Structure formats: structure tokens, C-alpha cells
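*Asks:* I'm passing along model_0.pdb; it holds PDB, C-alpha atoms.
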```pdb
ATOM      1  CA  MET A   1     121.813 114.532 112.046  1.00  0.00           C
ATOM      2  CA  MET A   2     120.118 111.177 112.455  1.00  0.00           C
ATOM      3  CA  ARG A   3     122.287 108.084 112.776  1.00  0.00           C
ATOM      4  CA  VAL A   4     121.528 104.410 112.352  1.00  0.00           C
ATOM      5  CA  ASN A   5     122.186 102.846 115.745  1.00  0.00           C
ATOM      6  CA  MET A   6     120.003  99.730 115.693  1.00  0.00           C
ATOM      7  CA  ALA A   7     118.803  97.093 113.280  1.00  0.00           C
ATOM      8  CA  SER A   8     116.503  94.206 114.129  1.00  0.00           C
ATOM      9  CA  VAL A   9     116.164  90.566 113.252  1.00  0.00           C
ATOM     10  CA  LEU A  10     112.871  88.836 114.052  1.00  0.00           C
ATOM     11  CA  VAL A  11     113.744  85.642 115.927  1.00  0.00           C
ATOM     12  CA  ASP A  12     111.548  82.726 116.972  1.00  0.00           C
ATOM     13  CA  ASP A  13     113.388  82.187 120.270  1.00  0.00           C
ATOM     14  CA  GLN A  14     115.500  84.889 121.937  1.00  0.00           C
ATOM     15  CA  THR A  15     117.616  82.494 124.007  1.00  0.00           C
ATOM     16  CA  LYS A  16     118.465  80.323 121.013  1.00  0.00           C
ATOM     17  CA  ALA A  17     119.094  83.456 118.938  1.00  0.00           C
ATOM     18  CA  LEU A  18     121.490  84.940 121.493  1.00  0.00           C
ATOM     19  CA  ARG A  19     123.456  81.695 121.504  1.00  0.00           C
ATOM     20  CA  PHE A  20     123.630  81.544 117.699  1.00  0.00           C
ATOM     21  CA  TYR A  21     124.498  85.195 117.161  1.00  0.00           C
ATOM     22  CA  THR A  22     127.243  85.130 119.837  1.00  0.00           C
ATOM     23  CA  ASP A  23     128.666  81.577 119.993  1.00  0.00           C
ATOM     24  CA  VAL A  24     128.382  80.843 116.274  1.00  0.00           C
ATOM     25  CA  LEU A  25     128.411  84.137 114.366  1.00  0.00           C
ATOM     26  CA  GLY A  26     130.777  85.780 116.867  1.00  0.00           C
ATOM     27  CA  PHE A  27     128.868  88.883 117.967  1.00  0.00           C
ATOM     28  CA  LYS A  28     129.072  90.149 121.557  1.00  0.00           C
ATOM     29  CA  GLU A  29     126.116  90.587 123.879  1.00  0.00           C
ATOM     30  CA  LYS A  30     125.651  94.294 124.657  1.00  0.00           C
ATOM     31  CA  THR A  31     122.237  94.601 126.319  1.00  0.00           C
ATOM     32  CA  ASN A  32     120.105  91.882 127.892  1.00  0.00           C
ATOM     33  CA  VAL A  33     117.308  93.124 130.144  1.00  0.00           C
ATOM     34  CA  PRO A  34     113.729  91.972 130.807  1.00  0.00           C
ATOM     35  CA  LEU A  35     111.121  93.953 128.868  1.00  0.00           C
ATOM     36  CA  GLY A  36     107.480  92.951 129.198  1.00  0.00           C
ATOM     37  CA  GLU A  37     107.088  89.250 128.577  1.00  0.00           C
ATOM     38  CA  HIS A  38     110.309  89.109 126.554  1.00  0.00           C
ATOM     39  CA  ARG A  39     113.776  90.600 126.829  1.00  0.00           C
ATOM     40  CA  TRP A  40     115.546  93.507 125.194  1.00  0.00           C
ATOM     41  CA  ILE A  41     118.628  91.869 123.757  1.00  0.00           C
ATOM     42  CA  THR A  42     121.178  93.501 121.505  1.00  0.00           C
ATOM     43  CA  VAL A  43     124.501  92.279 120.168  1.00  0.00           C
ATOM     44  CA  VAL A  44     127.383  94.136 118.547  1.00  0.00           C
ATOM     45  CA  SER A  45     130.416  93.247 116.512  1.00  0.00           C
ATOM     46  CA  PRO A  46     133.586  92.932 118.659  1.00  0.00           C
ATOM     47  CA  ALA A  47     135.212  94.988 115.886  1.00  0.00           C
ATOM     48  CA  GLU A  48     132.782  97.867 116.582  1.00  0.00           C
ATOM     49  CA  PRO A  49     131.569  97.612 120.186  1.00  0.00           C
ATOM     50  CA  ASP A  50     130.091 101.122 119.971  1.00  0.00           C
ATOM     51  CA  GLY A  51     128.711 100.563 116.481  1.00  0.00           C
ATOM     52  CA  VAL A  52     125.271  99.544 115.253  1.00  0.00           C
ATOM     53  CA  GLU A  53     123.440  97.231 117.654  1.00  0.00           C
ATOM     54  CA  LEU A  54     121.542  94.253 116.337  1.00  0.00           C
ATOM     55  CA  VAL A  55     118.271  93.764 118.230  1.00  0.00           C
ATOM     56  CA  LEU A  56     117.087  90.165 118.651  1.00  0.00           C
ATOM     57  CA  GLU A  57     113.397  90.902 118.406  1.00  0.00           C
ATOM     58  CA  PRO A  58     110.660  88.296 119.084  1.00  0.00           C
ATOM     59  CA  ASP A  59     108.701  87.376 115.946  1.00  0.00           C
ATOM     60  CA  GLU A  60     105.411  86.776 117.736  1.00  0.00           C
ATOM     61  CA  HIS A  61     103.359  89.297 115.737  1.00  0.00           C
ATOM     62  CA  PRO A  62     101.011  87.229 113.504  1.00  0.00           C
ATOM     63  CA  ALA A  63     102.341  88.882 110.355  1.00  0.00           C
ATOM     64  CA  ALA A  64     105.974  88.135 111.162  1.00  0.00           C
ATOM     65  CA  LYS A  65     106.050  84.375 110.682  1.00  0.00           C
ATOM     66  CA  PRO A  66     104.378  84.216 107.219  1.00  0.00           C
ATOM     67  CA  PHE A  67     106.602  87.127 106.130  1.00  0.00           C
ATOM     68  CA  LYS A  68     109.746  85.294 107.248  1.00  0.00           C
ATOM     69  CA  ALA A  69     108.632  81.968 105.767  1.00  0.00           C
ATOM     70  CA  ALA A  70     107.920  83.541 102.372  1.00  0.00           C
ATOM     71  CA  LEU A  71     111.360  85.178 102.265  1.00  0.00           C
ATOM     72  CA  VAL A  72     113.100  81.960 103.296  1.00  0.00           C
ATOM     73  CA  ALA A  73     111.246  79.880 100.671  1.00  0.00           C
ATOM     74  CA  ASP A  74     112.618  82.147  97.939  1.00  0.00           C
ATOM     75  CA  GLY A  75     116.073  82.216  99.520  1.00  0.00           C
ATOM     76  CA  ILE A  76     115.941  85.928 100.313  1.00  0.00           C
ATOM     77  CA  PRO A  77     118.233  87.251 103.059  1.00  0.00           C
ATOM     78  CA  TYR A  78     116.634  90.266 104.729  1.00  0.00           C
ATOM     79  CA  THR A  79     119.798  91.133 106.641  1.00  0.00           C
ATOM     80  CA  SER A  80     123.408  91.347 105.484  1.00  0.00           C
ATOM     81  CA  PHE A  81     126.655  91.416 107.465  1.00  0.00           C
ATOM     82  CA  ALA A  82     130.088  92.459 106.269  1.00  0.00           C
ATOM     83  CA  VAL A  83     133.010  90.043 106.566  1.00  0.00           C
ATOM     84  CA  ASP A  84     136.637  90.291 105.437  1.00  0.00           C
ATOM     85  CA  ASP A  85     136.577  87.059 103.450  1.00  0.00           C
ATOM     86  CA  VAL A  86     133.321  85.299 102.562  1.00  0.00           C
ATOM     87  CA  GLN A  87     135.029  82.025 101.626  1.00  0.00           C
ATOM     88  CA  ALA A  88     136.951  81.834 104.924  1.00  0.00           C
ATOM     89  CA  GLU A  89     133.868  82.728 106.945  1.00  0.00           C
ATOM     90  CA  TYR A  90     131.819  80.165 104.994  1.00  0.00           C
ATOM     91  CA  GLU A  91     134.313  77.447 105.863  1.00  0.00           C
ATOM     92  CA  ARG A  92     134.485  78.469 109.519  1.00  0.00           C
ATOM     93  CA  LEU A  93     130.679  78.476 109.865  1.00  0.00           C
ATOM     94  CA  ARG A  94     130.215  75.264 107.907  1.00  0.00           C
ATOM     95  CA  GLY A  95     132.609  73.680 110.376  1.00  0.00           C
ATOM     96  CA  LEU A  96     130.272  74.801 113.158  1.00  0.00           C
ATOM     97  CA  GLY A  97     127.330  73.116 111.435  1.00  0.00           C
ATOM     98  CA  VAL A  98     125.730  76.214 109.893  1.00  0.00           C
ATOM     99  CA  THR A  99     123.462  75.612 106.885  1.00  0.00           C
ATOM    100  CA  PHE A 100     124.016  77.728 103.774  1.00  0.00           C
ATOM    101  CA  THR A 101     121.366  78.193 101.065  1.00  0.00           C
ATOM    102  CA  GLN A 102     123.931  79.897  98.842  1.00  0.00           C
ATOM    103  CA  GLU A 103     127.593  79.011  98.778  1.00  0.00           C
ATOM    104  CA  PRO A 104     130.126  81.821  98.249  1.00  0.00           C
ATOM    105  CA  THR A 105     129.406  83.374  94.862  1.00  0.00           C
ATOM    106  CA  ASP A 106     131.211  86.045  92.893  1.00  0.00           C
ATOM    107  CA  MET A 107     128.517  88.633  92.098  1.00  0.00           C
ATOM    108  CA  GLY A 108     130.732  91.163  90.344  1.00  0.00           C
ATOM    109  CA  PRO A 109     131.539  93.968  92.804  1.00  0.00           C
ATOM    110  CA  VAL A 110     130.693  91.737  95.793  1.00  0.00           C
ATOM    111  CA  THR A 111     131.167  88.168  96.893  1.00  0.00           C
ATOM    112  CA  THR A 112     128.203  86.854  98.859  1.00  0.00           C
ATOM    113  CA  ALA A 113     126.916  83.767 100.641  1.00  0.00           C
ATOM    114  CA  VAL A 114     123.612  83.136 102.434  1.00  0.00           C
ATOM    115  CA  LEU A 115     123.174  81.250 105.700  1.00  0.00           C
ATOM    116  CA  ASP A 116     120.284  80.118 107.911  1.00  0.00           C
ATOM    117  CA  ASP A 117     120.330  81.698 111.383  1.00  0.00           C
ATOM    118  CA  THR A 118     118.222  78.812 112.839  1.00  0.00           C
ATOM    119  CA  CYS A 119     115.734  81.418 114.103  1.00  0.00           C
ATOM    120  CA  GLY A 120     113.722  81.667 110.879  1.00  0.00           C
ATOM    121  CA  ASN A 121     115.931  84.043 108.870  1.00  0.00           C
ATOM    122  CA  LEU A 122     118.386  83.919 106.035  1.00  0.00           C
ATOM    123  CA  ILE A 123     121.431  86.147 106.486  1.00  0.00           C
ATOM    124  CA  GLN A 124     123.772  87.315 103.751  1.00  0.00           C
ATOM    125  CA  ILE A 125     127.483  87.704 104.383  1.00  0.00           C
ATOM    126  CA  ALA A 126     129.408  89.814 101.907  1.00  0.00           C
ATOM    127  CA  HIS A 127     132.736  91.419 101.122  1.00  0.00           C
ATOM    128  CA  LEU A 128     133.571  93.937  98.417  1.00  0.00           C
ATOM    129  CA  ALA A 129     135.892  92.711  95.678  1.00  0.00           C
ATOM    130  CA  GLY A 130     139.416  94.109  95.511  1.00  0.00           C
TER
ATOM    131  CA  MET B 131     104.810  69.448  78.457  1.00  0.00           C
ATOM    132  CA  GLY B 132     105.621  72.925  77.131  1.00  0.00           C
ATOM    133  CA  ASP B 133     107.665  73.576  74.030  1.00  0.00           C
ATOM    134  CA  VAL B 134     111.399  73.172  74.630  1.00  0.00           C
ATOM    135  CA  PHE B 135     112.270  75.400  71.681  1.00  0.00           C
ATOM    136  CA  LYS B 136     109.970  78.160  72.847  1.00  0.00           C
ATOM    137  CA  ALA B 137     111.475  77.903  76.316  1.00  0.00           C
ATOM    138  CA  LEU B 138     114.986  78.228  74.898  1.00  0.00           C
ATOM    139  CA  ALA B 139     114.065  81.083  72.555  1.00  0.00           C
ATOM    140  CA  ASP B 140     114.312  83.662  75.338  1.00  0.00           C
ATOM    141  CA  PRO B 141     117.782  85.011  76.268  1.00  0.00           C
ATOM    142  CA  THR B 142     116.886  85.434  79.948  1.00  0.00           C
ATOM    143  CA  ARG B 143     115.811  81.804  80.165  1.00  0.00           C
ATOM    144  CA  ARG B 144     119.036  80.712  78.470  1.00  0.00           C
ATOM    145  CA  ALA B 145     120.992  82.808  80.995  1.00  0.00           C
ATOM    146  CA  ILE B 146     119.127  81.063  83.830  1.00  0.00           C
ATOM    147  CA  LEU B 147     120.172  77.685  82.415  1.00  0.00           C
ATOM    148  CA  ASP B 148     123.768  78.976  82.036  1.00  0.00           C
ATOM    149  CA  GLU B 149     123.846  79.952  85.709  1.00  0.00           C
ATOM    150  CA  LEU B 150     122.345  76.642  86.819  1.00  0.00           C
ATOM    151  CA  THR B 151     125.026  74.900  84.779  1.00  0.00           C
ATOM    152  CA  ASP B 152     127.635  76.947  86.665  1.00  0.00           C
ATOM    153  CA  ARG B 153     126.089  75.740  89.949  1.00  0.00           C
ATOM    154  CA  ASP B 154     123.023  73.538  90.066  1.00  0.00           C
ATOM    155  CA  GLY B 155     120.436  73.927  92.813  1.00  0.00           C
ATOM    156  CA  GLN B 156     119.840  77.646  93.426  1.00  0.00           C
ATOM    157  CA  THR B 157     117.218  79.626  95.304  1.00  0.00           C
ATOM    158  CA  LEU B 158     115.139  82.207  93.455  1.00  0.00           C
ATOM    159  CA  PHE B 159     117.205  84.869  95.264  1.00  0.00           C
ATOM    160  CA  GLU B 160     120.493  83.507  93.942  1.00  0.00           C
ATOM    161  CA  ILE B 161     119.167  83.218  90.379  1.00  0.00           C
ATOM    162  CA  CYS B 162     117.912  86.829  90.480  1.00  0.00           C
ATOM    163  CA  ALA B 163     121.195  88.063  91.978  1.00  0.00           C
ATOM    164  CA  ARG B 164     123.275  86.269  89.334  1.00  0.00           C
ATOM    165  CA  LEU B 165     121.112  87.575  86.471  1.00  0.00           C
ATOM    166  CA  ALA B 166     121.414  91.117  87.786  1.00  0.00           C
ATOM    167  CA  ALA B 167     125.124  91.018  88.678  1.00  0.00           C
ATOM    168  CA  LYS B 168     126.514  88.873  85.874  1.00  0.00           C
ATOM    169  CA  HIS B 169     124.100  89.486  82.993  1.00  0.00           C
ATOM    170  CA  GLY B 170     122.923  93.029  83.721  1.00  0.00           C
ATOM    171  CA  LEU B 171     119.313  91.812  83.680  1.00  0.00           C
ATOM    172  CA  GLY B 172     117.063  93.975  85.810  1.00  0.00           C
ATOM    173  CA  SER B 173     113.969  91.774  85.593  1.00  0.00           C
ATOM    174  CA  SER B 174     111.663  91.695  88.586  1.00  0.00           C
ATOM    175  CA  ARG B 175     111.577  88.688  90.870  1.00  0.00           C
ATOM    176  CA  GLN B 176     108.066  87.975  89.556  1.00  0.00           C
ATOM    177  CA  ALA B 177     109.282  88.019  85.950  1.00  0.00           C
ATOM    178  CA  ILE B 178     112.113  85.615  86.791  1.00  0.00           C
ATOM    179  CA  SER B 179     109.650  83.401  88.622  1.00  0.00           C
ATOM    180  CA  GLN B 180     107.520  83.256  85.473  1.00  0.00           C
ATOM    181  CA  HIS B 181     110.588  82.361  83.400  1.00  0.00           C
ATOM    182  CA  LEU B 182     111.239  79.510  85.829  1.00  0.00           C
ATOM    183  CA  ASP B 183     107.654  78.309  85.336  1.00  0.00           C
ATOM    184  CA  VAL B 184     108.149  78.227  81.549  1.00  0.00           C
ATOM    185  CA  LEU B 185     111.395  76.274  81.915  1.00  0.00           C
ATOM    186  CA  ALA B 186     109.698  73.853  84.318  1.00  0.00           C
ATOM    187  CA  ALA B 187     106.751  73.372  81.947  1.00  0.00           C
ATOM    188  CA  ALA B 188     109.226  72.465  79.202  1.00  0.00           C
ATOM    189  CA  GLY B 189     110.860  69.950  81.550  1.00  0.00           C
ATOM    190  CA  LEU B 190     114.150  71.878  81.600  1.00  0.00           C
ATOM    191  CA  LEU B 191     113.953  72.806  85.265  1.00  0.00           C
ATOM    192  CA  GLN B 192     112.913  71.063  88.435  1.00  0.00           C
ATOM    193  CA  ALA B 193     112.083  72.730  91.720  1.00  0.00           C
ATOM    194  CA  ARG B 194     113.060  70.810  94.838  1.00  0.00           C
ATOM    195  CA  ARG B 195     111.754  71.626  98.280  1.00  0.00           C
ATOM    196  CA  GLU B 196     114.231  71.013 101.067  1.00  0.00           C
ATOM    197  CA  GLY B 197     112.732  71.881 104.417  1.00  0.00           C
ATOM    198  CA  ARG B 198     111.750  75.525 104.274  1.00  0.00           C
ATOM    199  CA  TYR B 199     113.834  76.286 101.191  1.00  0.00           C
ATOM    200  CA  LYS B 200     113.174  75.756  97.498  1.00  0.00           C
ATOM    201  CA  PHE B 201     116.032  75.034  95.105  1.00  0.00           C
ATOM    202  CA  HIS B 202     115.942  75.033  91.306  1.00  0.00           C
ATOM    203  CA  HIS B 203     117.783  72.422  89.248  1.00  0.00           C
ATOM    204  CA  ILE B 204     118.485  72.187  85.518  1.00  0.00           C
ATOM    205  CA  ASP B 205     117.198  69.073  83.738  1.00  0.00           C
ATOM    206  CA  THR B 206     118.717  68.485  80.315  1.00  0.00           C
ATOM    207  CA  THR B 207     116.604  65.387  79.553  1.00  0.00           C
ATOM    208  CA  PRO B 208     114.369  67.261  77.054  1.00  0.00           C
ATOM    209  CA  LEU B 209     117.505  68.228  75.079  1.00  0.00           C
ATOM    210  CA  GLU B 210     118.472  64.627  74.332  1.00  0.00           C
ATOM    211  CA  PRO B 211     115.952  64.167  71.475  1.00  0.00           C
ATOM    212  CA  ILE B 212     117.608  67.161  69.773  1.00  0.00           C
ATOM    213  CA  VAL B 213     120.967  65.401  69.865  1.00  0.00           C
ATOM    214  CA  GLU B 214     119.396  62.161  68.630  1.00  0.00           C
ATOM    215  CA  ARG B 215     117.497  63.896  65.856  1.00  0.00           C
ATOM    216  CA  TRP B 216     120.283  65.926  64.271  1.00  0.00           C
ATOM    217  CA  LEU B 217     123.710  65.544  65.867  1.00  0.00           C
ATOM    218  CA  ARG B 218     123.929  61.735  66.079  1.00  0.00           C
ATOM    219  CA  LYS B 219     122.109  61.053  62.804  1.00  0.00           C
ATOM    220  CA  GLY B 220     125.225  60.411  60.709  1.00  0.00           C
ATOM    221  CA  SER B 221     126.829  57.988  63.161  1.00  0.00           C
ATOM    222  CA  LYS B 222     123.957  55.488  63.057  1.00  0.00           C
TER
END
```
Any chance you could put this one into C-alpha cells?

*Replies:*
Amino acid sequence: MMRVNMASVLVDDQTKALRFYTDVLGFKEKTNVPLGEHRWITVVSPAEPDGVELVLEPDEHPAAKPFKAALVADGIPYTSFAVDDVQAEYERLRGLGVTFTQEPTDMGPVTTAVLDDTCGNLIQIAHLAG
Amino acid sequence: MGDVFKALADPTRRAILDELTDRDGQTLFEICARLAAKHGLGSSRQAISQHLDVLAAAGLLQARREGRYKFHHIDTTPLEPIVERWLRKGSK
């Protein structure tokens, strides 16, 4: 049976992205090797070191930047991460200077918030109610 | 300037104004998510975008660009003539 083992975010700068996704969001670097003119970089959650890897993928394809910009303009997060408590995580990240385009909001079965990853993406954080 | 009454005649547009009253300054994504989650409205993003255009044409909504994001704000200024015309009439 197939399994999901990787998901990608298109980032404008891999070095900056690695710093943000580890130092700020709290993921752990898993792979970081040269690959062509860029690097193959993945991070994982410390809670699931053998879980799904997030690939920090360069956004240099000409279609990538307009795609990202259009999503950001409408406030659309293309990627979502699970947290235990959106409000607590919001306050922690705000304290680290992270910009949110949506403050924690009760959306019925889920509570969500949306942040800017500084690499051209909006990211949703969410926890299930109850 | 579009017709304020026509803009308010639609329940989805009234729900949008309700949500912006709950928290002013929302992205299109947040407005769509709130309408779907809290009002059970399954309208497409394009349909909601058109509703926002109608509200803006009536002066009830203002879009604000902040860097790469766009936030929508309620503007109740067009409602003041309604208050003046009927609600405050007796107190003059």
C-alpha cells in the first residue's frame, strides 16, 4: 500500500526557509544534501521523527512565484500543520515576530490560524475541537 | 455608488457583514472559511468574491492592501442615512 512520506513547500530561499522552519516553527532538520544547483532539504516534527518529511523545495520554476503570490493575496494557506493548541502556538509565534494573516478562529469542528512563513507561503495551523 | 438596499438584500452578503463585525479586516480565505463553517454556505470563492464587489460598490466594504495580502473591512458609513431618515426622525 502506498504511504504519504513527503510533502513540499515551495520556498524562495532554502537557507532562510531552513532557519524559519526549524528555529521558529520548531521542526528538526532530517536531510540536507547538495542536489544540482540547490539542496535536498527535509524537516520533520520532533514529535514524529520518522513521520512525514516536509521538503523545502526551491520555487524557481516560472509558474511557482505567480501561483504563490495569487494564493497569498487571497489569504489562502496551501499547507496546514497540526498543533495541540492554536491559541498557545499563535502567542508563542507572535512573540517570535511571526506575521499572522488570520488570528485564531473557531471554525466549528476546528480552530485555525494562518501565518506567513517568510518564504512566500501562508501556512495554516489547526487543532480539532474537543 | 451601488444600491445599499440591494447589497443588503442578499443573505450571504449580510452574513459577510456579520463576520466582519465579529472581526474586521479578513482575507478572502477567512471570509470563505467562516461562511462555510459557521453559516453552512458552500458558495465558491469566485461567488464570494463577487459578493464582496457588490458590497464594495455600495460602499459597505473596503479592501486594503497590506504588502502582499489583501484584507476586507466593513464600512457602515452608507448605513447612517438610514438611521437619520427613519430612526432619529422623532427626536429632532

*Asks:* Contacts between chain A and chain B, please, where a residue of chain B counts if it comes within 9 Å (with all atoms listed in the file); show its shortest atom pair and distance in Å to one decimal, rows by chain and ascending number, as a Markdown table.

*Replies:*
```
| residue | atom | partner | partner_atom | distance |
| --- | --- | --- | --- | --- |
| B:Gln156 | CA | A:Gln102 | CA | 7.2 |
| B:Thr157 | CA | A:Gly75 | CA | 5.1 |
| B:Leu158 | CA | A:Asp74 | CA | 5.1 |
| B:Phe159 | CA | A:Gly75 | CA | 5.1 |
| B:Glu160 | CA | A:Gln102 | CA | 7.0 |
| B:Ala163 | CA | A:Met107 | CA | 7.3 |
| B:Arg164 | CA | A:Met107 | CA | 6.4 |
| B:Ala166 | CA | A:Met107 | CA | 8.7 |
| B:Ala167 | CA | A:Met107 | CA | 5.4 |
| B:Lys168 | CA | A:Met107 | CA | 6.5 |
| B:Arg195 | CA | A:Ala73 | CA | 8.6 |
| B:Gly197 | CA | A:Ala73 | CA | 9.0 |
| B:Arg198 | CA | A:Ala73 | CA | 5.7 |
| B:Tyr199 | CA | A:Ala73 | CA | 4.5 |
| B:Lys200 | CA | A:Ala73 | CA | 5.5 |
| B:Phe201 | CA | A:Asp74 | CA | 8.4 |
```

*Asks:* Just to confirm, what's the straight-line distance from atom CA of Ser179 of chain B to atom CA of Ile146 of chain B in Å (one decimal)?

*Replies:*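 Computing it gives 10.9 Å between the two atoms.
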
*Asks:* How many Å separate atom CA of Leu96 of chain A from atom CA of Val24 of chain A?

*Replies:*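 Pair atom CA of Leu96 of chain A / atom CA of Val24 of chain A returns 7.1 Å.
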
*Asks:* Would you list the contacts of Ala187 of chain B as a list in words, taking every protein, DNA or RNA residue within 12 Å and counting all atoms listed in the file, but skipping same-chain residues closer than 6 positions in sequence?

*Replies:*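 Listing them by chain and then by number gives Met131, Gly132, Asp133, Val134, Phe135, Lys136, Ala137, Leu138, Gln180, His181, Ala193, Asp205 and Pro208 of chain B.
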
*Asks:* Using all atoms listed in the file, can you tell me which of B:Arg194, B:Arg175, B:Arg218, B:His169 comes closest to Asp148 of chain B?

*Replies:*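 Answer, going by the shortest atom-to-atom distance: B:His169.
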
*Asks:* Could you state which residues are captured by the PyMOL selection byres ((chain A and resi 28) around 10) in this file, as a PDB file with C-alpha atoms, keeping the file's coordinate frame?

*Replies:*
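Generated output (expr27.pdb):
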```pdb
ATOM      1  CA  LEU A  18     121.490  84.940 121.493  1.00  0.00           C
ATOM      2  CA  TYR A  21     124.498  85.195 117.161  1.00  0.00           C
ATOM      3  CA  THR A  22     127.243  85.130 119.837  1.00  0.00           C
ATOM      4  CA  ASP A  23     128.666  81.577 119.993  1.00  0.00           C
ATOM      5  CA  LEU A  25     128.411  84.137 114.366  1.00  0.00           C
ATOM      6  CA  GLY A  26     130.777  85.780 116.867  1.00  0.00           C
ATOM      7  CA  PHE A  27     128.868  88.883 117.967  1.00  0.00           C
ATOM      8  CA  GLU A  29     126.116  90.587 123.879  1.00  0.00           C
ATOM      9  CA  LYS A  30     125.651  94.294 124.657  1.00  0.00           C
ATOM     10  CA  THR A  31     122.237  94.601 126.319  1.00  0.00           C
ATOM     11  CA  THR A  42     121.178  93.501 121.505  1.00  0.00           C
ATOM     12  CA  VAL A  43     124.501  92.279 120.168  1.00  0.00           C
ATOM     13  CA  VAL A  44     127.383  94.136 118.547  1.00  0.00           C
ATOM     14  CA  SER A  45     130.416  93.247 116.512  1.00  0.00           C
ATOM     15  CA  PRO A  46     133.586  92.932 118.659  1.00  0.00           C
ATOM     16  CA  ALA A  47     135.212  94.988 115.886  1.00  0.00           C
ATOM     17  CA  GLU A  48     132.782  97.867 116.582  1.00  0.00           C
ATOM     18  CA  PRO A  49     131.569  97.612 120.186  1.00  0.00           C
ATOM     19  CA  GLU A  53     123.440  97.231 117.654  1.00  0.00           C
TER      20      GLU A  53
END
```

*Asks:* Counting all atoms listed in the file, what is within 10 Å of Thr206 of chain B, bar same-chain residues fewer than 6 positions away, as a tab-separated table (two decimals) with C-alpha atoms, in the frame of the given file?

*Replies:*
```tsv
chain	number	residue	atom	x	y	z
B	147	LEU	CA	120.17	77.68	82.42
B	189	GLY	CA	110.86	69.95	81.55
B	190	LEU	CA	114.15	71.88	81.60
B	191	LEU	CA	113.95	72.81	85.26
```

*Asks:* Quick one: pull the distance between atom CA of Pro104 of chain A and atom CA of Asp116 of chain A, Å, one decimal.

*Replies:*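 Distance reported for this atom pair: 13.9 Å.
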
*Asks:* Could you expand the PyMOL selection byres ((chain A and resi 84) around 6) into the explicit residues it covers here, written as a compact mmCIF listing (two decimals) with C-alpha atoms, in the coordinates of the input?

*Replies:*
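Writing the result to result22.txt gives the following:
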```
# COMPACT_ATOMS: atom_id res chain seq x y z
CA VAL A 83 133.01 90.04 106.57
CA ASP A 85 136.58 87.06 103.45
CA HIS A 127 132.74 91.42 101.12
```

*Asks:* Would you pick out the contacts of segment 1-16 of chain A at 9 Å or less, using only C-alpha atoms, so that residues sharing its chain but fewer than 6 positions from it are not included, and give the list as a list in words?

*Replies:*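 With the cut-off at 9 Å, the set is His38, Arg39, Ile41, Thr42, Gly51, Val52, Glu53, Leu54, Val55, Leu56, Glu57, Pro58, Asp59, Glu60, Ala64, Lys65, Lys68, Tyr78, Thr79, Asp117, Thr118, Cys119, Gly120 and Asn121 of chain A.
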
*Asks:* Using all atoms listed in the file, find the one residue out of B:Ala186, B:Ile204, B:Ala145, B:Leu150 that sits nearest to Leu171 of chain B.

*Replies:* B:Ala145

*Asks:* Name the residues in contact with Leu93 of chain A at a cut-off of 10 Å, using only C-alpha atoms, excluding same-chain residues fewer than 5 positions from it; report them as a list in words.

*Replies:*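 Non-adjacent residues within range: Val24, Leu25, Gln87, Ala88, Val98, Thr99, Phe100 and Leu115 of chain A.
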